[in-house]
Amino acid sequence: MDHGPGKILSLKGLTKWYGEKLVLDDIDLDVYEGQIIGYIGPNGAGKSTTVKIMLGLEASYSGEVEIFGQNIKESGVAYKKRIGYVPESADLYDNLTAREYLTFTGELYGLTADSADYKARLLMGVFNLEDVYDSRISSYSKGMKQKVLLISSLLHDPDILFLDEPINGLDANSVMVFKEILAQLSSQGKTIFYSSHIMEVVQKISSRILLLNDGKIVADGSFEQLRQKNKEGSLEEIFNQLTGFNEHQNLAEDFVQIVQRDHR
Amino acid sequence: MKNFTTLKILDLFRVIFERFEIDYPTMRRILQVKLTMDGRRPTTIMSQNRGGEKKQDSNQFLKSLWFYAFIGLTLIPILFIGDNFMFKMSLIFGVLMFLIMTAMISDFSSVLLDVRDQTVIGTRPVDHRTISAARAIHVTVYLFFLTAAIVSVPLVVGFVQFGVIFALLFSVTVLFSDLFIVAITALLYYVILKFFGGERLRDVINYVQIGLSFTIVIGYQVLARAFEFQGLQSSFEAAWWNVLLPPVWFGAPFAVILNGASGAYYYVFMALALLVPLIALWIYLSLLPTFEKNLLKLMDQAGPSKKKTTKGMNRLASLLTTSKEEHAFYQFAERMLKNERDLKLKIYPSLGFAIIFPFVFLYNGYSAGGSLDSITSGRMYLTIYASMMMIPGIVIMLQYSSKSKGSWIYHVTPLQGEGVIIKGTLKAFLIRLFAPVFGVISILYGILFGMRIIPDLVIVLLIAVIYSVICFRMLKGKLPFSQPFESAGQSDGWKTIPFALLIPVFGGLHFVVTNVPFGIWFYLALLLFIVPLTWQRGLR
């Protein structure tokens, strides 16, 4: 696989147990500058866990996680300065205003309050949200909240982005803007971890696709490579094939039958 | 964002934090955000009069402090009960610790247990020490304000009355009792989170909130009466079981230093007052890492849930409802009343009052002269009407829900009319909330007044059914659980007053009827005829 020169992230034998349950099973992975990685897998495959470990939210795992060439268990928290994160559950302090929230998170990344505020206002303007910059986030719609989260993850110009369902709630136009942003960032050498259940988008934007199933990586490569290997037309079909799911027809039939069953 | 005075004072101690390798500017920034959010969060004590108008950043927390300061005034009379410090200080610490602990749990749990911290702060370059320090300082600040609000006036009064030594002693013991409370509360959370999930913890917090609202109102009644007993015994005999009462520990230093008391018990109490808070704090600090890990449970979706509906209740539901739709709404309302925590917080305290009020009236009748005999043979059982006072207040709350947006379901389903919605809800209210309260009082009154009052109780029950229908007209067509709590205003309280005035009318009517021979039987028959009519006609 062709990739840029710099190795930016590497997992070696990453294993994670939740009690009796094996969530990540000996994962090895190297990620290089400028890659947009489509990180996909069924619910409960271990995607969020991997991201949580890399962000330092989960400390109990075995194996090694190296980011920017340093083991995160030894390097302290400084590496997080170069990381941006959009959580799947839109967790944010929503009784703050966008100005307050974005300045706050910007400062946590080491920006000064003024420059965070300045940049945040401009970015809000790009998304047409200038008017509500000083309104509480709790009054925002789903899409508006998502835009705040996106801005918050990018404000400090990070080198790695972890995005979990980032276009949740965005309208089609904003999605186009956002995809273009990602393309430009990756051409500058930024690395993007994009995790989503919307296969069409993943297929379109990713330069490399990782498919996780039962805590193991079951596919790794560009969409073209996966297609050649699996002889399927779309990422969705490849996904179904590799996760061993082929009963959608039967399940759908059952469902419709139950709906139409006369109970009385 | 405001630059809080609290933070400016904290700046003076900057060096100390930096010595502990805490990133001071970041910690300060986190605290600033947290304090800002506190100002925007309604507190349990103030939520009773959460008005319609939303002022920009009127600090809810600071407002609630005035309320606590007011409650603190009730400690002052206790200071003047007799000379025995052991007795009165134990009493004061009892009240104080109860207030602080419940306030901590009801208003501050959301802060301690805020899982958003994980994603918002934990994913940013902020180290663990700084996050923990910010959290600890935040709790300290809150506790300081709360304690200061309650204690400062009594402290000044005590200083004037008993001198400097008392004031110093009081300050130190209060500090230790605060430490004790923090550590105990945190350990309580730890244990609950360890063995149960987050939902259970939220339930516990909810019940403490309900208890706090209830106790504060009842506390007034009780305290107001307590001072009628001026000749209160204020002696104190130490006994082994006092070891189990933390407030007694904190009373002991006062007895030893100011009363010159001595004896093994007193020394044991003093040692406990000093050591237990420190030990509890040490245990808490050493459990902190596991505690934070358990906190993540709060984020989990609840696991597979148990289905627990009793067959009896289901049968009752089908028996009481006349159509499928009504049955659905009965079940729905029943579950809302059982599961919605905000609703319970508003409703359950009044259930408590409903049980207590009849007895308050009964007691007033008793203390206004009259022997127990003359009461049990008389018609004081009509005080049971007082329990109906809760109905208008609760009925008006039934229109609210914290998830009021879900009410679109009413409009998209093909319902013939709104009558079924209201009937189902009203029946659920009567069975789930009114019936248990009425049942408890009836049994107690039955014991007190004898079997002869059974027909009267049936009459009261029927009147309650009619009265609920009348009260439902207050809602003016607003559907149950369809309005957000924020739209509840002061006017709700006023609206219920004319309806509450109907209760003495019903009571008076009942009284008149009891004077007529066989009157109650005719009345009963009449009501049995009227009840179905009101339900058919009244709820269209």
# chains A, B, ... in the order shown; residues from 1 in each chain; ligands from 1
>>> select_by_dssp(residues="region 89-278 of chain B", states="helix (DSSP H, G or I)", output="PyMOL selection string")
chain B and resi 89-112+116-120+128-162+164-195+198-226+240-244+246-258+264-278
>>> closest_atom_pairs(of="chain B", to="chain A", cutoff="8 Å", atoms="only C-alpha atoms", output="JSON lines")
{"residue": "B:Met1", "atom": "CA", "partner": "A:Glu100", "partner_atom": "CA", "distance": 6.9}
{"residue": "B:Thr26", "atom": "CA", "partner": "A:Leu108", "partner_atom": "CA", "distance": 6.6}
{"residue": "B:Arg29", "atom": "CA", "partner": "A:Phe104", "partner_atom": "CA", "distance": 7.3}
{"residue": "B:Ile30", "atom": "CA", "partner": "A:Phe104", "partner_atom": "CA", "distance": 7.9}
{"residue": "B:Val33", "atom": "CA", "partner": "A:Phe104", "partner_atom": "CA", "distance": 7.5}
{"residue": "B:Thr36", "atom": "CA", "partner": "A:Leu96", "partner_atom": "CA", "distance": 7.9}
{"residue": "B:Met37", "atom": "CA", "partner": "A:Asn95", "partner_atom": "CA", "distance": 6.3}
{"residue": "B:Arg40", "atom": "CA", "partner": "A:Asn95", "partner_atom": "CA", "distance": 7.0}
{"residue": "B:Arg116", "atom": "CA", "partner": "A:Asp91", "partner_atom": "CA", "distance": 5.7}
{"residue": "B:Gln118", "atom": "CA", "partner": "A:Leu57", "partner_atom": "CA", "distance": 7.3}
{"residue": "B:Thr119", "atom": "CA", "partner": "A:Asp91", "partner_atom": "CA", "distance": 6.7}
{"residue": "B:Val120", "atom": "CA", "partner": "A:Leu92", "partner_atom": "CA", "distance": 6.3}
{"residue": "B:Ile121", "atom": "CA", "partner": "A:Leu108", "partner_atom": "CA", "distance": 7.8}
{"residue": "B:Gly122", "atom": "CA", "partner": "A:Leu57", "partner_atom": "CA", "distance": 6.6}
{"residue": "B:Thr123", "atom": "CA", "partner": "A:Leu55", "partner_atom": "CA", "distance": 5.7}
{"residue": "B:Arg124", "atom": "CA", "partner": "A:Lys80", "partner_atom": "CA", "distance": 5.8}
{"residue": "B:Pro125", "atom": "CA", "partner": "A:Lys80", "partner_atom": "CA", "distance": 4.8}
{"residue": "B:Val126", "atom": "CA", "partner": "A:Val77", "partner_atom": "CA", "distance": 6.4}
{"residue": "B:Asp127", "atom": "CA", "partner": "A:Val77", "partner_atom": "CA", "distance": 5.9}
>>> write_last_selection(atoms="all heavy atoms", output="short mmCIF file (atom, residue, chain, number, x, y, z; two decimals), in the first residue's frame")
data_model
loop_
_atom_site.label_atom_id
_atom_site.label_comp_id
_atom_site.auth_asym_id
_atom_site.auth_seq_id
_atom_site.Cartn_x
_atom_site.Cartn_y
_atom_site.Cartn_z
N MET B 1 -17.62 35.08 30.16
CA MET B 1 -17.76 34.29 31.38
C MET B 1 -17.22 35.08 32.56
O MET B 1 -16.23 35.77 32.43
CB MET B 1 -17.00 32.98 31.24
CG MET B 1 -17.72 31.80 31.84
SD MET B 1 -16.83 30.28 31.55
CE MET B 1 -17.18 29.98 29.82
N THR B 26 -5.11 25.70 33.94
CA THR B 26 -6.13 24.80 33.40
C THR B 26 -7.18 24.47 34.45
O THR B 26 -8.38 24.49 34.19
CB THR B 26 -5.48 23.49 32.90
OG1 THR B 26 -4.45 23.84 31.98
CG2 THR B 26 -6.48 22.61 32.22
N ARG B 29 -9.45 27.29 34.88
CA ARG B 29 -10.36 27.41 33.74
C ARG B 29 -11.50 26.41 33.86
O ARG B 29 -12.66 26.72 33.61
CB ARG B 29 -9.57 27.17 32.45
CG ARG B 29 -10.27 27.60 31.21
CD ARG B 29 -10.36 29.10 31.12
NE ARG B 29 -11.06 29.48 29.89
CZ ARG B 29 -12.38 29.59 29.79
NH1 ARG B 29 -13.12 29.41 30.85
NH2 ARG B 29 -12.94 29.89 28.64
N ILE B 30 -11.17 25.18 34.25
CA ILE B 30 -12.21 24.15 34.41
C ILE B 30 -13.20 24.60 35.48
O ILE B 30 -14.41 24.52 35.31
CB ILE B 30 -11.60 22.79 34.78
CG1 ILE B 30 -10.74 22.27 33.63
CG2 ILE B 30 -12.68 21.77 35.12
CD1 ILE B 30 -9.95 21.02 33.95
N VAL B 33 -15.58 27.28 34.29
CA VAL B 33 -16.68 26.72 33.49
C VAL B 33 -17.70 26.04 34.39
O VAL B 33 -18.91 26.21 34.25
CB VAL B 33 -16.11 25.73 32.45
CG1 VAL B 33 -17.21 24.84 31.90
CG2 VAL B 33 -15.43 26.49 31.35
N THR B 36 -19.79 28.53 36.29
CA THR B 36 -20.76 29.14 35.39
C THR B 36 -21.96 28.22 35.20
O THR B 36 -23.11 28.65 35.26
CB THR B 36 -20.12 29.41 34.02
OG1 THR B 36 -18.94 30.16 34.22
CG2 THR B 36 -21.06 30.21 33.13
N MET B 37 -21.66 26.93 35.01
CA MET B 37 -22.76 25.99 34.77
C MET B 37 -23.61 25.83 36.03
O MET B 37 -24.82 25.67 35.93
CB MET B 37 -22.22 24.65 34.31
CG MET B 37 -21.63 24.74 32.91
SD MET B 37 -21.44 23.15 32.13
CE MET B 37 -20.17 22.43 33.13
N ARG B 40 -26.37 28.14 36.27
CA ARG B 40 -27.48 27.95 35.33
C ARG B 40 -28.28 26.70 35.63
O ARG B 40 -29.15 26.32 34.88
CB ARG B 40 -26.91 27.85 33.91
CG ARG B 40 -26.29 29.15 33.49
CD ARG B 40 -25.57 29.04 32.18
NE ARG B 40 -24.84 30.28 31.93
CZ ARG B 40 -24.04 30.47 30.91
NH1 ARG B 40 -23.87 29.52 30.04
NH2 ARG B 40 -23.41 31.61 30.76
N ARG B 116 -19.94 13.66 31.37
CA ARG B 116 -19.47 14.40 30.20
C ARG B 116 -18.03 14.85 30.39
O ARG B 116 -17.31 15.09 29.43
CB ARG B 116 -20.36 15.62 29.96
CG ARG B 116 -21.76 15.25 29.55
CD ARG B 116 -22.62 16.47 29.47
NE ARG B 116 -22.61 17.20 30.73
CZ ARG B 116 -23.25 18.35 30.92
NH1 ARG B 116 -23.93 18.90 29.95
NH2 ARG B 116 -23.20 18.96 32.08
N GLN B 118 -15.65 13.09 31.13
CA GLN B 118 -14.80 12.12 30.44
C GLN B 118 -14.54 12.54 29.00
O GLN B 118 -13.41 12.59 28.57
CB GLN B 118 -15.48 10.75 30.46
CG GLN B 118 -15.37 10.04 31.77
CD GLN B 118 -14.02 9.41 31.97
OE1 GLN B 118 -13.36 9.07 31.00
NE2 GLN B 118 -13.59 9.28 33.21
N THR B 119 -15.61 12.80 28.25
CA THR B 119 -15.41 13.10 26.84
C THR B 119 -14.94 14.54 26.61
O THR B 119 -14.15 14.78 25.71
CB THR B 119 -16.69 12.87 26.03
OG1 THR B 119 -17.80 13.08 26.86
CG2 THR B 119 -16.73 11.50 25.45
N VAL B 120 -15.43 15.47 27.42
CA VAL B 120 -15.07 16.86 27.15
C VAL B 120 -13.66 17.18 27.64
O VAL B 120 -12.87 17.79 26.92
CB VAL B 120 -16.09 17.83 27.78
CG1 VAL B 120 -15.66 19.26 27.54
CG2 VAL B 120 -17.46 17.60 27.20
N ILE B 121 -13.34 16.75 28.85
CA ILE B 121 -12.03 17.13 29.39
C ILE B 121 -11.02 16.00 29.26
O ILE B 121 -9.87 16.21 28.91
CB ILE B 121 -12.17 17.56 30.87
CG1 ILE B 121 -13.14 18.75 30.95
CG2 ILE B 121 -10.82 17.97 31.44
CD1 ILE B 121 -13.43 19.19 32.35
N GLY B 122 -11.50 14.76 29.52
CA GLY B 122 -10.58 13.63 29.52
C GLY B 122 -9.87 13.40 28.20
O GLY B 122 -8.76 12.88 28.17
N THR B 123 -10.50 13.79 27.08
CA THR B 123 -9.87 13.55 25.79
C THR B 123 -8.92 14.67 25.41
O THR B 123 -8.28 14.62 24.37
CB THR B 123 -10.94 13.46 24.69
OG1 THR B 123 -11.71 14.66 24.71
CG2 THR B 123 -11.85 12.29 24.92
N ARG B 124 -8.86 15.71 26.22
CA ARG B 124 -7.96 16.83 25.93
C ARG B 124 -6.69 16.70 26.76
O ARG B 124 -6.67 15.99 27.76
CB ARG B 124 -8.67 18.14 26.24
CG ARG B 124 -9.32 18.75 25.02
CD ARG B 124 -10.80 18.54 24.98
NE ARG B 124 -11.32 18.84 23.64
CZ ARG B 124 -12.59 18.75 23.31
NH1 ARG B 124 -13.49 18.35 24.18
NH2 ARG B 124 -12.99 19.02 22.09
N PRO B 125 -5.66 17.42 26.36
CA PRO B 125 -4.38 17.27 27.08
C PRO B 125 -4.43 17.85 28.49
O PRO B 125 -3.81 18.88 28.75
CB PRO B 125 -3.39 18.01 26.19
CG PRO B 125 -4.20 18.96 25.40
CD PRO B 125 -5.53 18.32 25.21
N VAL B 126 -5.16 17.23 29.37
CA VAL B 126 -5.21 17.65 30.76
C VAL B 126 -4.91 16.42 31.58
O VAL B 126 -5.52 15.38 31.38
CB VAL B 126 -6.63 18.16 31.12
CG1 VAL B 126 -6.65 18.66 32.55
CG2 VAL B 126 -7.08 19.22 30.16
N ASP B 127 -3.94 16.53 32.51
CA ASP B 127 -3.59 15.30 33.20
C ASP B 127 -4.56 15.02 34.35
O ASP B 127 -5.33 15.87 34.77
CB ASP B 127 -2.14 15.33 33.69
CG ASP B 127 -1.92 16.47 34.64
OD1 ASP B 127 -2.27 16.31 35.82
OD2 ASP B 127 -1.41 17.52 34.20
#
>>> residues_around(residues="region 443-445 of chain B", least_positions_apart="6", cutoff="12 Å", atoms="only C-alpha atoms", output="ChimeraX atom specification")
/B:355-356,358-359,362,375-377,379-384,435-437,451-454,456-457
>>> write_last_selection(atoms="C-alpha atoms", output="mmCIF file, in the first residue's frame")
data_model
loop_
_atom_site.group_PDB
_atom_site.id
_atom_site.type_symbol
_atom_site.label_atom_id
_atom_site.label_comp_id
_atom_site.auth_asym_id
_atom_site.auth_seq_id
_atom_site.Cartn_x
_atom_site.Cartn_y
_atom_site.Cartn_z
ATOM 1 C CA ILE B 355 -50.825 11.348 54.839
ATOM 2 C CA ILE B 356 -49.757 13.790 57.517
ATOM 3 C CA PRO B 358 -55.360 14.660 58.514
ATOM 4 C CA PHE B 359 -53.384 13.779 61.619
ATOM 5 C CA LEU B 362 -56.757 15.582 64.385
ATOM 6 C CA ILE B 375 -62.628 12.307 69.876
ATOM 7 C CA THR B 376 -62.941 8.651 68.954
ATOM 8 C CA SER B 377 -66.658 8.718 69.551
ATOM 9 C CA ARG B 379 -66.922 12.962 64.076
ATOM 10 C CA MET B 380 -63.264 14.002 63.916
ATOM 11 C CA TYR B 381 -62.775 11.287 61.302
ATOM 12 C CA LEU B 382 -63.979 13.847 58.807
ATOM 13 C CA THR B 383 -60.449 15.278 59.003
ATOM 14 C CA ILE B 384 -59.687 12.612 56.420
ATOM 15 C CA ALA B 435 -55.479 4.863 46.775
ATOM 16 C CA PRO B 436 -52.354 3.896 48.759
ATOM 17 C CA VAL B 437 -52.438 7.137 50.745
ATOM 18 C CA MET B 451 -65.813 -0.004 62.175
ATOM 19 C CA ARG B 452 -68.698 2.435 62.300
ATOM 20 C CA ILE B 453 -66.904 4.848 59.971
ATOM 21 C CA ILE B 454 -66.626 2.434 57.034
ATOM 22 C CA ASP B 456 -68.218 7.350 55.695
ATOM 23 C CA LEU B 457 -64.862 6.260 54.265
#
>>> atom_distance(atom1="CA of Ile470 (chain B)", atom2="CA of Gly538 (chain B)")
7.5 Å
>>> residues_around(residues="Val157 (chain B)", least_positions_apart="4", cutoff="10 Å", atoms="only C-alpha atoms", output="list in words")
Ile76, Leu79, Ser152, Val153, Gln161, Phe162, Gly163 and Ala167 of chain B
>>> write_last_selection(atoms="N, CA, C and O atoms", output="JSON list (two decimals), in the first residue's frame")
[["chain", "number", "residue", "atom", "x", "y", "z"],
["B", 76, "ILE", "N", -30.63, 28.47, 65.97],
["B", 76, "ILE", "CA", -30.33, 29.39, 67.07],
["B", 76, "ILE", "C", -31.10, 29.04, 68.35],
["B", 76, "ILE", "O", -30.49, 28.96, 69.42],
["B", 79, "LEU", "N", -29.56, 26.54, 70.53],
["B", 79, "LEU", "CA", -28.41, 26.98, 71.33],
["B", 79, "LEU", "C", -28.83, 27.37, 72.74],
["B", 79, "LEU", "O", -28.02, 27.36, 73.66],
["B", 152, "SER", "N", -23.27, 30.43, 59.65],
["B", 152, "SER", "CA", -22.63, 31.69, 60.09],
["B", 152, "SER", "C", -23.44, 32.46, 61.12],
["B", 152, "SER", "O", -22.87, 32.93, 62.12],
["B", 153, "VAL", "N", -24.76, 32.57, 60.93],
["B", 153, "VAL", "CA", -25.53, 33.32, 61.94],
["B", 153, "VAL", "C", -25.51, 32.62, 63.30],
["B", 153, "VAL", "O", -25.18, 33.25, 64.31],
["B", 161, "GLN", "N", -22.83, 34.77, 72.82],
["B", 161, "GLN", "CA", -23.39, 34.18, 74.03],
["B", 161, "GLN", "C", -22.36, 33.39, 74.84],
["B", 161, "GLN", "O", -22.33, 33.48, 76.06],
["B", 162, "PHE", "N", -21.51, 32.61, 74.13],
["B", 162, "PHE", "CA", -20.65, 31.68, 74.86],
["B", 162, "PHE", "C", -19.16, 32.00, 74.73],
["B", 162, "PHE", "O", -18.33, 31.33, 75.32],
["B", 163, "GLY", "N", -18.81, 32.98, 73.92],
["B", 163, "GLY", "CA", -17.42, 33.40, 73.86],
["B", 163, "GLY", "C", -16.60, 32.77, 72.75],
["B", 163, "GLY", "O", -17.09, 31.97, 71.95],
["B", 167, "ALA", "N", -16.78, 29.58, 69.69],
["B", 167, "ALA", "CA", -16.74, 29.88, 68.26],
["B", 167, "ALA", "C", -15.65, 29.07, 67.56],
["B", 167, "ALA", "O", -15.87, 28.48, 66.50]]
>>> residues_around(residues="Thr102 (chain B)", least_positions_apart="6", cutoff="8 Å", atoms="only C-alpha atoms", output="JSON, numbers by chain")
{"B": [208, 209, 212]}
>>> write_last_selection(atoms="C-alpha atoms", output="PDB file, in the first residue's frame")
ATOM      1  CA  VAL B 208     -33.088  11.696  48.631  1.00  0.00           C
ATOM      2  CA  GLN B 209     -34.302  14.754  46.715  1.00  0.00           C
ATOM      3  CA  LEU B 212     -35.332  16.704  51.254  1.00  0.00           C
TER       4      LEU B 212
END
>>> residues_around(residues="region 210-223 of chain A", least_positions_apart="5", cutoff="6 Å", atoms="only C-alpha atoms", output="PDB file with C-alpha atoms, in the first residue's frame")
ATOM      1  CA  VAL A  23     -13.220  -6.837  23.146  1.00  0.00           C
ATOM      2  CA  LEU A  24      -9.968  -6.340  21.282  1.00  0.00           C
ATOM      3  CA  ASP A  25      -7.997  -9.413  20.316  1.00  0.00           C
ATOM      4  CA  TYR A  39     -12.936   2.431  10.594  1.00  0.00           C
ATOM      5  CA  ILE A  40     -15.956   0.193  10.318  1.00  0.00           C
ATOM      6  CA  GLY A  41     -17.477  -2.836  11.980  1.00  0.00           C
ATOM      7  CA  ALA A  45     -16.931  -4.891  17.428  1.00  0.00           C
ATOM      8  CA  GLY A  46     -14.565  -2.746  19.490  1.00  0.00           C
TER       9      GLY A  46
END
>>> residues_around(residues="Asp83 (chain B)", least_positions_apart="3", cutoff="10 Å", atoms="only C-alpha atoms", output="VMD selection string")
chain B and resid 79 to 80 86 to 88 234 to 235 255 258 to 259
>>> write_last_selection(atoms="N, CA and C atoms", output="compact mmCIF listing (two decimals), in the first residue's frame")
# COMPACT_ATOMS: atom_id res chain seq x y z
N LEU B 79 -29.56 26.54 70.53
CA LEU B 79 -28.41 26.98 71.33
C LEU B 79 -28.83 27.37 72.74
N PHE B 80 -30.08 27.76 72.89
CA PHE B 80 -30.50 28.28 74.19
C PHE B 80 -31.26 27.26 75.04
N MET B 86 -23.52 19.01 75.55
CA MET B 86 -23.55 17.71 74.89
C MET B 86 -24.90 17.54 74.19
N PHE B 87 -25.95 17.88 74.92
CA PHE B 87 -27.28 17.68 74.37
C PHE B 87 -27.54 18.62 73.19
N LYS B 88 -27.34 19.91 73.41
CA LYS B 88 -27.77 20.82 72.35
C LYS B 88 -26.84 20.79 71.14
N SER B 234 -33.15 18.57 78.90
CA SER B 234 -31.89 18.76 78.20
C SER B 234 -30.75 18.09 78.92
N SER B 235 -31.05 17.00 79.58
CA SER B 235 -29.95 16.28 80.22
C SER B 235 -29.42 15.26 79.22
N ALA B 255 -18.85 19.46 75.31
CA ALA B 255 -19.15 19.05 76.68
C ALA B 255 -17.87 19.02 77.51
N LEU B 258 -16.34 22.92 77.48
CA LEU B 258 -17.17 24.00 78.03
C LEU B 258 -17.93 23.58 79.28
N ASN B 259 -18.32 22.31 79.38
CA ASN B 259 -19.04 21.84 80.57
C ASN B 259 -18.11 21.15 81.56
>>> select_by_dssp(residues="region 37-215 of chain A", states="strand (DSSP E)", output="ChimeraX atom specification")
/A:37-40,62-67,70-71,83-86,160-164,191-195,208-213
>>> atom_distance(atom1="CA of Ile391 (chain B)", atom2="CA of Thr321 (chain B)")
20.8 Å
>>> closest_atom_pairs(of="region 379-455 of chain B", to="region 329-346 of chain B", cutoff="12 Å", atoms="only C-alpha atoms", output="CSV")
residue,atom,partner,partner_atom,distance
B:Met390,CA,B:Lys346,CA,11.5
B:Gly393,CA,B:Lys346,CA,9.4
B:Ile394,CA,B:Lys346,CA,8.1
B:Val395,CA,B:Lys346,CA,11.2
B:Ile396,CA,B:Lys346,CA,10.7
B:Met397,CA,B:Lys346,CA,7.5
B:Leu398,CA,B:Leu343,CA,8.1
B:Gln399,CA,B:Leu343,CA,9.9
B:Tyr400,CA,B:Leu343,CA,7.5
B:Ser401,CA,B:Leu343,CA,6.5
B:Ser402,CA,B:Asp342,CA,6.6
B:Lys403,CA,B:Glu340,CA,8.9
B:Ser404,CA,B:Glu340,CA,11.2
B:Gly406,CA,B:Met336,CA,11.9
B:Ser407,CA,B:Phe332,CA,11.9
B:Ile409,CA,B:Phe329,CA,11.6
B:Tyr410,CA,B:Phe329,CA,10.3
B:Leu415,CA,B:Phe329,CA,11.4
B:Glu418,CA,B:Phe329,CA,10.7
B:Gly419,CA,B:Phe329,CA,10.6
B:Val420,CA,B:Phe329,CA,7.4
B:Ile421,CA,B:Phe329,CA,5.7
B:Ile422,CA,B:Phe329,CA,8.1
B:Lys423,CA,B:Tyr330,CA,7.8
B:Gly424,CA,B:Tyr330,CA,4.1
B:Thr425,CA,B:Ala333,CA,5.2
B:Leu426,CA,B:Tyr330,CA,7.9
B:Lys427,CA,B:Tyr330,CA,6.6
B:Ala428,CA,B:Tyr330,CA,5.3
B:Phe429,CA,B:Glu334,CA,7.2
B:Leu430,CA,B:Glu334,CA,10.0
B:Ile431,CA,B:Glu334,CA,8.8
B:Arg432,CA,B:Glu334,CA,6.8
B:Leu433,CA,B:Leu337,CA,8.6
>>> write_last_selection(atoms="C-alpha atoms", output="mmCIF file, in the first residue's frame")
data_model
loop_
_atom_site.group_PDB
_atom_site.id
_atom_site.type_symbol
_atom_site.label_atom_id
_atom_site.label_comp_id
_atom_site.auth_asym_id
_atom_site.auth_seq_id
_atom_site.Cartn_x
_atom_site.Cartn_y
_atom_site.Cartn_z
ATOM 1 C CA MET B 390 -53.065 16.960 47.487
ATOM 2 C CA GLY B 393 -51.682 20.145 43.212
ATOM 3 C CA ILE B 394 -50.882 16.744 41.771
ATOM 4 C CA VAL B 395 -53.458 16.897 39.003
ATOM 5 C CA ILE B 396 -51.997 20.163 37.787
ATOM 6 C CA MET B 397 -48.548 18.563 37.727
ATOM 7 C CA LEU B 398 -49.828 15.740 35.539
ATOM 8 C CA GLN B 399 -49.634 17.987 32.485
ATOM 9 C CA TYR B 400 -45.846 18.265 32.847
ATOM 10 C CA SER B 401 -43.009 16.007 31.881
ATOM 11 C CA SER B 402 -39.309 16.482 31.387
ATOM 12 C CA LYS B 403 -39.738 14.610 28.121
ATOM 13 C CA SER B 404 -42.767 16.577 27.021
ATOM 14 C CA GLY B 406 -42.700 12.896 23.236
ATOM 15 C CA SER B 407 -46.303 14.084 23.306
ATOM 16 C CA ILE B 409 -47.592 10.601 19.906
ATOM 17 C CA TYR B 410 -51.028 11.894 20.973
ATOM 18 C CA LEU B 415 -57.667 8.569 18.678
ATOM 19 C CA GLU B 418 -59.081 13.076 24.235
ATOM 20 C CA GLY B 419 -61.484 11.609 26.776
ATOM 21 C CA VAL B 420 -59.724 8.231 26.819
ATOM 22 C CA ILE B 421 -56.351 9.837 27.443
ATOM 23 C CA ILE B 422 -57.651 11.736 30.429
ATOM 24 C CA LYS B 423 -59.738 8.900 31.828
ATOM 25 C CA GLY B 424 -56.825 6.505 31.667
ATOM 26 C CA THR B 425 -54.466 8.977 33.285
ATOM 27 C CA LEU B 426 -56.941 9.912 35.991
ATOM 28 C CA LYS B 427 -57.605 6.291 36.857
ATOM 29 C CA ALA B 428 -53.883 5.607 37.037
ATOM 30 C CA PHE B 429 -53.480 8.600 39.341
ATOM 31 C CA LEU B 430 -56.279 7.443 41.621
ATOM 32 C CA ILE B 431 -55.019 3.885 41.834
ATOM 33 C CA ARG B 432 -51.289 4.511 41.918
ATOM 34 C CA LEU B 433 -51.111 7.632 44.054
#
